[in-house]
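J.: Contents of input_9.csv (CSV, C-alpha atoms):
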chain,number,residue,atom,x,y,z
M,52,MET,CA,198.7,100.2,131.5
M,53,ILE,CA,200.1,97.3,129.7
M,54,ARG,CA,200.4,97.0,125.9
M,55,THR,CA,199.0,93.6,124.9
M,56,PHE,CA,198.2,91.2,122.1
M,57,ILE,CA,197.0,87.7,121.7
M,58,ALA,CA,199.1,85.3,119.5
M,59,ILE,CA,200.3,81.9,118.7
M,60,ASP,CA,203.9,81.1,119.3
M,61,LEU,CA,206.1,79.4,116.7
M,62,SER,CA,207.9,76.1,117.0
M,63,ASP,CA,211.7,76.0,116.9
M,64,ASN,CA,211.9,74.2,113.5
M,65,VAL,CA,209.6,76.8,111.8
M,66,ARG,CA,211.5,79.7,113.4
M,67,ALA,CA,214.9,78.2,112.2
M,68,ALA,CA,213.6,77.8,108.6
M,69,ILE,CA,212.3,81.4,108.6
M,70,GLU,CA,215.6,82.6,109.9
M,71,GLN,CA,217.4,81.0,107.0
M,72,ALA,CA,215.1,82.8,104.5
M,73,GLN,CA,215.5,86.1,106.3
M,74,THR,CA,219.3,85.8,106.3
M,75,ARG,CA,219.1,85.1,102.5
M,76,LEU,CA,217.0,88.2,102.0
M,77,LYS,CA,219.3,90.4,104.1
M,78,ARG,CA,222.2,89.4,101.9
M,79,THR,CA,220.4,90.7,98.8
M,80,ASN,CA,221.5,94.2,97.6
M,81,LEU,CA,218.3,96.0,98.1
M,82,ALA,CA,217.5,99.6,97.2
M,83,VAL,CA,215.0,100.0,100.1
M,84,LYS,CA,215.8,99.9,103.8
M,85,ILE,CA,214.0,97.1,105.7
M,86,SER,CA,213.5,97.0,109.4
M,87,TRP,CA,213.7,93.2,109.9
M,88,THR,CA,211.6,91.5,112.6
M,89,LYS,CA,213.8,89.7,115.1
M,90,VAL,CA,213.2,86.0,114.5
M,91,ALA,CA,212.8,85.4,118.2
M,92,ASN,CA,209.9,87.9,118.2
M,93,LEU,CA,208.0,86.2,115.4
M,94,HIS,CA,204.5,85.1,116.3
M,95,LEU,CA,201.1,84.7,114.6
M,96,THR,CA,198.9,87.6,115.9
M,97,LEU,CA,195.3,86.8,116.5
M,98,GLN,CA,194.3,90.2,117.9
M,99,PHE,CA,196.2,93.3,119.0
M,100,LEU,CA,194.5,94.6,122.2
M,101,GLY,CA,196.6,97.7,122.8
M,102,TYR,CA,197.0,99.3,126.2
M,103,VAL,CA,194.9,97.6,129.0
M,104,GLU,CA,194.7,98.1,132.7
M,105,GLU,CA,196.5,95.5,134.8
M,106,ALA,CA,193.1,94.6,136.4
M,107,VAL,CA,191.7,93.6,133.0
M,108,VAL,CA,194.5,91.1,132.3
M,109,GLU,CA,193.0,88.5,134.5
M,110,LYS,CA,189.6,88.9,132.7
M,111,ILE,CA,191.3,88.5,129.4
M,112,SER,CA,193.1,85.4,130.6
M,113,THR,CA,189.9,83.9,131.9
M,114,ALA,CA,188.1,84.5,128.6
M,115,LEU,CA,191.1,83.0,126.6
M,116,ARG,CA,191.1,79.9,128.8
M,117,LEU,CA,187.4,79.3,128.0
M,118,VAL,CA,188.0,79.8,124.3
M,119,ALA,CA,191.0,77.6,124.2
M,120,ALA,CA,189.1,74.8,126.0
M,121,GLN,CA,186.6,74.8,123.1
M,122,HIS,CA,189.1,74.2,120.3
M,123,GLN,CA,191.3,71.2,119.6
M,124,PRO,CA,195.0,71.5,118.5
M,125,PHE,CA,195.5,71.8,114.7
M,126,ASP,CA,198.2,72.3,112.1
M,127,VAL,CA,199.0,75.4,110.0
M,128,SER,CA,201.3,75.1,107.0
M,129,VAL,CA,203.8,77.9,107.0
M,130,HIS,CA,204.9,78.6,103.4
M,131,GLY,CA,205.5,81.2,100.7
M,132,THR,CA,206.2,84.9,100.9
M,133,GLY,CA,204.5,88.0,99.8
M,134,ALA,CA,204.1,91.7,100.5
M,135,PHE,CA,201.5,94.3,101.5
M,136,PRO,CA,200.0,96.2,99.8
M,137,ASN,CA,201.8,94.5,96.8
M,138,GLU,CA,205.2,93.3,95.7
M,139,LYS,CA,205.9,96.3,93.4
M,140,ARG,CA,205.8,98.8,96.3
M,141,PRO,CA,205.9,96.8,99.4
M,142,ARG,CA,205.5,98.1,102.9
M,143,VAL,CA,205.5,94.8,104.7
M,144,VAL,CA,207.3,91.5,103.7
M,145,TRP,CA,205.4,88.5,105.0
M,146,ILE,CA,205.4,84.7,105.2
M,147,GLY,CA,202.1,83.0,104.6
M,148,CYS,CA,200.2,80.7,107.0
M,149,ASP,CA,197.7,78.3,105.4
M,150,ASP,CA,195.0,76.7,107.6
M,151,ALA,CA,193.3,74.2,105.3
M,152,GLY,CA,190.6,73.3,107.8
M,153,ASP,CA,189.8,76.9,108.8
M,154,HIS,CA,190.6,76.1,112.4
M,155,LEU,CA,192.6,79.2,112.7
M,156,LYS,CA,189.8,81.4,111.5
M,157,SER,CA,187.4,79.7,113.8
M,158,LEU,CA,189.7,80.1,116.8
M,159,ALA,CA,190.3,83.8,115.9
M,160,ARG,CA,186.6,84.5,115.5
M,161,ALA,CA,185.8,82.8,118.9
M,162,MET,CA,188.6,84.7,120.6
M,163,GLN,CA,187.6,88.0,119.2
M,164,ASP,CA,183.9,87.4,120.2
M,165,ALA,CA,185.2,86.7,123.7
M,166,MET,CA,187.2,89.9,123.8
M,167,GLU,CA,184.3,92.1,122.6
M,168,PRO,CA,182.4,92.2,126.0
M,169,LEU,CA,185.7,93.3,127.6
M,170,GLY,CA,185.7,96.3,125.3
M,171,PHE,CA,187.9,95.1,122.4
M,172,ASP,CA,186.5,95.6,118.9
M,173,PRO,CA,186.7,92.5,116.6
M,174,GLU,CA,188.5,92.8,113.3
M,175,ARG,CA,186.1,94.3,110.7
M,176,HIS,CA,187.6,92.3,107.7
M,177,GLU,CA,189.0,88.9,107.1
M,178,VAL,CA,192.7,89.0,108.0
M,179,LEU,CA,195.3,87.1,106.0
M,180,ALA,CA,197.2,84.9,108.4
M,181,HIS,CA,200.9,85.8,108.1
M,182,LEU,CA,204.1,86.4,109.9
M,183,THR,CA,205.7,89.8,109.4
M,184,LEU,CA,209.3,89.3,108.2
M,185,GLY,CA,210.2,93.0,107.8
M,186,ARG,CA,208.8,96.5,107.3
M,187,ILE,CA,210.0,98.9,104.6
M,188,LYS,CA,210.6,102.4,105.9
M,189,SER,CA,210.2,104.3,102.6
M,190,PRO,CA,208.4,102.1,100.1
M,191,ARG,CA,209.4,102.4,96.4
M,192,VAL,CA,209.9,100.1,93.5
M,193,ASP,CA,212.8,97.7,94.0
M,194,ALA,CA,213.0,95.0,91.4
M,195,THR,CA,215.6,93.2,93.4
M,196,LEU,CA,213.3,92.9,96.4
M,197,THR,CA,210.4,91.8,94.1
M,198,ARG,CA,212.6,89.0,92.7
M,199,ALA,CA,213.8,88.0,96.2
M,200,ILE,CA,210.2,87.8,97.5
M,201,ASP,CA,209.2,85.9,94.3
M,202,SER,CA,212.1,83.4,94.8
M,203,LEU,CA,210.6,82.3,98.1
M,204,LYS,CA,207.0,82.0,97.0
M,205,ASP,CA,207.1,78.2,96.9
M,206,THR,CA,209.3,77.8,100.0
M,207,SER,CA,207.9,75.6,102.8
M,208,PHE,CA,208.9,76.7,106.3
M,209,GLY,CA,207.3,73.7,107.9
M,210,THR,CA,204.1,72.9,109.8
M,211,LEU,CA,203.2,74.7,112.9
M,212,ARG,CA,201.3,72.6,115.5
M,213,VAL,CA,198.9,75.1,117.2
M,214,GLU,CA,198.4,73.8,120.7
M,215,ALA,CA,198.0,77.0,122.7
M,216,ILE,CA,197.1,80.7,122.5
M,217,HIS,CA,199.1,83.3,124.5
M,218,LEU,CA,198.5,86.7,125.9
M,219,PHE,CA,201.6,88.8,125.4
M,220,GLU,CA,202.9,92.1,126.8
M,221,SER,CA,204.7,94.2,124.3
M,222,GLN,CA,207.2,96.7,125.6
M,223,LEU,CA,208.5,99.2,123.0
M,224,HIS,CA,212.2,100.0,123.1
M,225,PRO,CA,214.5,101.8,120.6
M,226,GLU,CA,216.3,98.5,120.0
M,227,GLY,CA,213.0,96.7,119.2
M,228,SER,CA,210.0,95.3,121.1
M,229,ILE,CA,210.3,92.9,124.0
M,230,TYR,CA,207.5,90.4,124.3
M,231,THR,CA,206.6,88.6,127.5
M,232,LYS,CA,204.0,85.9,127.9
M,233,LEU,CA,201.4,87.0,130.5
M,234,SER,CA,199.4,83.8,130.2
M,235,SER,CA,199.2,80.6,128.1
M,236,HIS,CA,196.1,78.6,127.3
M,237,ALA,CA,196.3,75.0,125.9
M,238,LEU,CA,193.7,74.1,123.3
M,239,GLY,CA,191.3,71.4,124.3
M,240,ALA,CA,192.3,71.7,128.0
M,241,HIS,CA,189.3,71.4,130.3
M,242,ASN,CA,189.7,72.8,133.8
What is this structure when it is put down as C-alpha cells?

T.:
Amino acid sequence: MIRTFIAIDLSDNVRAAIEQAQTRLKRTNLAVKISWTKVANLHLTLQFLGYVEEAVVEKISTALRLVAAQHQPFDVSVHGTGAFPNEKRPRVVWIGCDDAGDHLKSLARAMQDAMEPLGFDPERHEVLAHLTLGRIKSPRVDATLTRAIDSLKDTSFGTLRVEAIHLFESQLHPEGSIYTKLSSHALGAHN
C-alpha cells in the first residue's frame, strides 16, 4: 500500500518568498510550539487519497491525465496569511491562494469527480485553497503569533503558474514526510 495525494507543485520563486516569511516567523519569540512545514515539501493539495494499492496507481494516473487534458494552464495568486480555526487559538498557520477565475475549483472538482469511481470520496465542503506553513502542537492564545500572522496578511508571495497536476507518494518518517512524484500530468496536453 502506498500513501498518496494529488497536488500542484510550487514554483521556485513562490517557494523562496514563502521561505523568507517562514524564517521571519521562526525568529519571533512565540509562546506556542510550531511544527514548521519544510519549504521543499510545500504543495497545494487537491485531494488526499490515503493508502492505495500499487495496482490502483496506474488507474489514478490515467484518470488524472484525462482531467488535466481538459483544463488549460492558469495563474493563482499566492498572498496573505491566516490560521485555522482562527488567529486567536490557531492550530494551522497558512498562506492563501487566490484563484480569481475559479480555475482551481473547477480543476479540483473535475479531479475529485474522476477519483470517485475509483473509490475516493470527494470533499464534502468547499476547501479554502492554502499552503500549510506550520502546525501548532498545543493551541492556546499567543498574542505574538497573532500579530506575526497579521503582519503578513497583505504580503504577496508571487503568482503560481499552474501547468500540471501530480500524484505524490507520502512516506512518513520521524524527521518529516518525504514526498515523491509518482506521475505528472500537464494541463491542456492531448495524447

J.: Using all atoms listed in the file, can you tell me which of M:Thr113, M:Asn64, M:Thr96, M:Thr195 comes closest to Leu81 (chain M)?

T.: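 Looking at the shortest contact to Leu81 (chain M), the residue is M:Thr195.
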
J.: Near region 122-135 of chain M, counting all atoms listed in the file, which residues have an atom at most 8 Å away, once you skip same-chain residues fewer than 3 positions from it, shown as JSON, numbers by chain?

T.: {"M": [65, 118, 119, 138, 141, 142, 143, 144, 145, 146, 147, 148, 149, 150, 151, 154, 155, 158, 200, 201, 203, 204, 205, 206, 207, 208, 209, 210, 211, 212, 213, 214, 215, 238, 239]}

J.: So that I can see what lies close to Asp60 (chain M), please list as a PyMOL selection string the residues with an atom at most 12 Å from it, counting all atoms listed in the file and leaving out residues fewer than 4 positions away in the same chain.

T.: chain M and resi 56+65-66+90-97+127+182+211-219+230-232+235-237

J.: Taking into account only C-alpha atoms, which residue in the set M:Ile85, M:Val103, M:Leu169, M:Leu117 is nearest to Thr183 (chain M)?

T.: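 Selected residue with least distance to Thr183 (chain M): M:Ile85.
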
J.: Of the residues M:Asp63, M:Glu174, M:Glu226, M:Asp193, which is the one nearest to Phe99 (chain M), using only C-alpha atoms?

T.: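 Once distances to Phe99 (chain M) are computed over only C-alpha atoms, the minimum belongs to M:Glu174.
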
J.: Using only C-alpha atoms for the distances, tell me which of M:Ala82, M:Leu179, M:Met162, M:Leu196 is nearest to Ile111 (chain M).

T.: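 Selected residue with least distance to Ile111 (chain M): M:Met162.
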
J.: Quick one: pull the distance between CA of Gln73 (chain M) and CA of Ser234 (chain M), Å, one decimal.

T.: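 Going from CA of Gln73 (chain M) over to CA of Ser234 (chain M) covers 28.9 Å.
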
J.: Give me, please, the distance in Å between CA of Thr88 (chain M) and CA of Ile69 (chain M), quoted to one decimal.

T.: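 Interatomic distance here is 10.9 Å.
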
J.: Quick one: distance from CA of Ala68 (chain M) to CA of Leu184 (chain M) in Å, one decimal?

T.: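 For CA of Ala68 (chain M) relative to CA of Leu184 (chain M), the distance reads 12.3 Å.
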
J.: Ranking M:Val192, M:Ala240, M:Leu100, M:Ala180 by minimum distance to Gln163 (chain M) and counting all atoms listed in the file, which one comes first?

T.: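 Nearest to Gln163 (chain M): M:Leu100.
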
J.: Under the rule that all atoms listed in the file are counted, which of M:Asp172, M:Ile187, M:Thr197, M:Arg54 is the nearest residue to Val107 (chain M)?

T.: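 Using all atoms listed in the file, the shortest distance to Val107 (chain M) belongs to M:Arg54.
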
J.: Would you fill out region 203-226 of chain M with N, CA and C atoms and return it as a CSV table (one decimal), in the coordinates of the input?

T.:
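Resulting contents of part.csv:
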chain,number,residue,atom,x,y,z
M,203,LEU,N,211.0,83.1,96.9
M,203,LEU,CA,210.6,82.3,98.1
M,203,LEU,C,209.1,82.0,98.1
M,204,LYS,N,208.4,82.3,97.1
M,204,LYS,CA,207.0,82.0,97.0
M,204,LYS,C,206.6,80.6,97.2
M,205,ASP,N,207.4,79.6,96.8
M,205,ASP,CA,207.1,78.2,96.9
M,205,ASP,C,207.8,77.5,98.0
M,206,THR,N,208.5,78.3,98.9
M,206,THR,CA,209.3,77.8,100.0
M,206,THR,C,208.4,77.3,101.1
M,207,SER,N,208.6,76.1,101.6
M,207,SER,CA,207.9,75.6,102.8
M,207,SER,C,208.8,75.9,104.0
M,208,PHE,N,208.2,76.4,105.1
M,208,PHE,CA,208.9,76.7,106.3
M,208,PHE,C,208.5,75.7,107.4
M,209,GLY,N,207.7,74.7,107.0
M,209,GLY,CA,207.3,73.7,107.9
M,209,GLY,C,205.9,73.8,108.3
M,210,THR,N,205.5,72.9,109.2
M,210,THR,CA,204.1,72.9,109.8
M,210,THR,C,204.2,73.3,111.2
M,211,LEU,N,203.3,74.2,111.5
M,211,LEU,CA,203.2,74.7,112.9
M,211,LEU,C,202.0,74.0,113.6
M,212,ARG,N,202.3,73.3,114.7
M,212,ARG,CA,201.3,72.6,115.5
M,212,ARG,C,200.8,73.7,116.5
M,213,VAL,N,199.5,74.1,116.3
M,213,VAL,CA,198.9,75.1,117.2
M,213,VAL,C,198.3,74.3,118.4
M,214,GLU,N,198.9,74.5,119.5
M,214,GLU,CA,198.4,73.8,120.7
M,214,GLU,C,198.0,74.7,121.9
M,215,ALA,N,198.3,76.1,121.7
M,215,ALA,CA,198.0,77.0,122.7
M,215,ALA,C,197.8,78.4,122.1
M,216,ILE,N,197.1,79.3,122.9
M,216,ILE,CA,197.1,80.7,122.5
M,216,ILE,C,197.7,81.4,123.8
M,217,HIS,N,198.3,82.6,123.5
M,217,HIS,CA,199.1,83.3,124.5
M,217,HIS,C,198.7,84.7,124.6
M,218,LEU,N,198.6,85.3,125.8
M,218,LEU,CA,198.5,86.7,125.9
M,218,LEU,C,199.9,87.3,126.2
M,219,PHE,N,200.3,88.2,125.3
M,219,PHE,CA,201.6,88.8,125.4
M,219,PHE,C,201.6,90.2,125.9
M,220,GLU,N,202.6,90.6,126.6
M,220,GLU,CA,202.9,92.1,126.8
M,220,GLU,C,203.9,92.5,125.8
M,221,SER,N,203.7,93.7,125.2
M,221,SER,CA,204.7,94.2,124.3
M,221,SER,C,205.3,95.5,124.9
M,222,GLN,N,206.6,95.5,125.2
M,222,GLN,CA,207.2,96.7,125.6
M,222,GLN,C,208.1,97.3,124.5
M,223,LEU,N,207.8,98.5,124.1
M,223,LEU,CA,208.5,99.2,123.0
M,223,LEU,C,209.8,99.8,123.5
M,224,HIS,N,210.9,99.5,122.8
M,224,HIS,CA,212.2,100.0,123.1
M,224,HIS,C,212.9,100.4,121.8
M,225,PRO,N,213.8,101.3,121.8
M,225,PRO,CA,214.5,101.8,120.6
M,225,PRO,C,215.2,100.6,119.9
M,226,GLU,N,215.6,99.6,120.6
M,226,GLU,CA,216.3,98.5,120.0
M,226,GLU,C,215.3,97.4,119.4
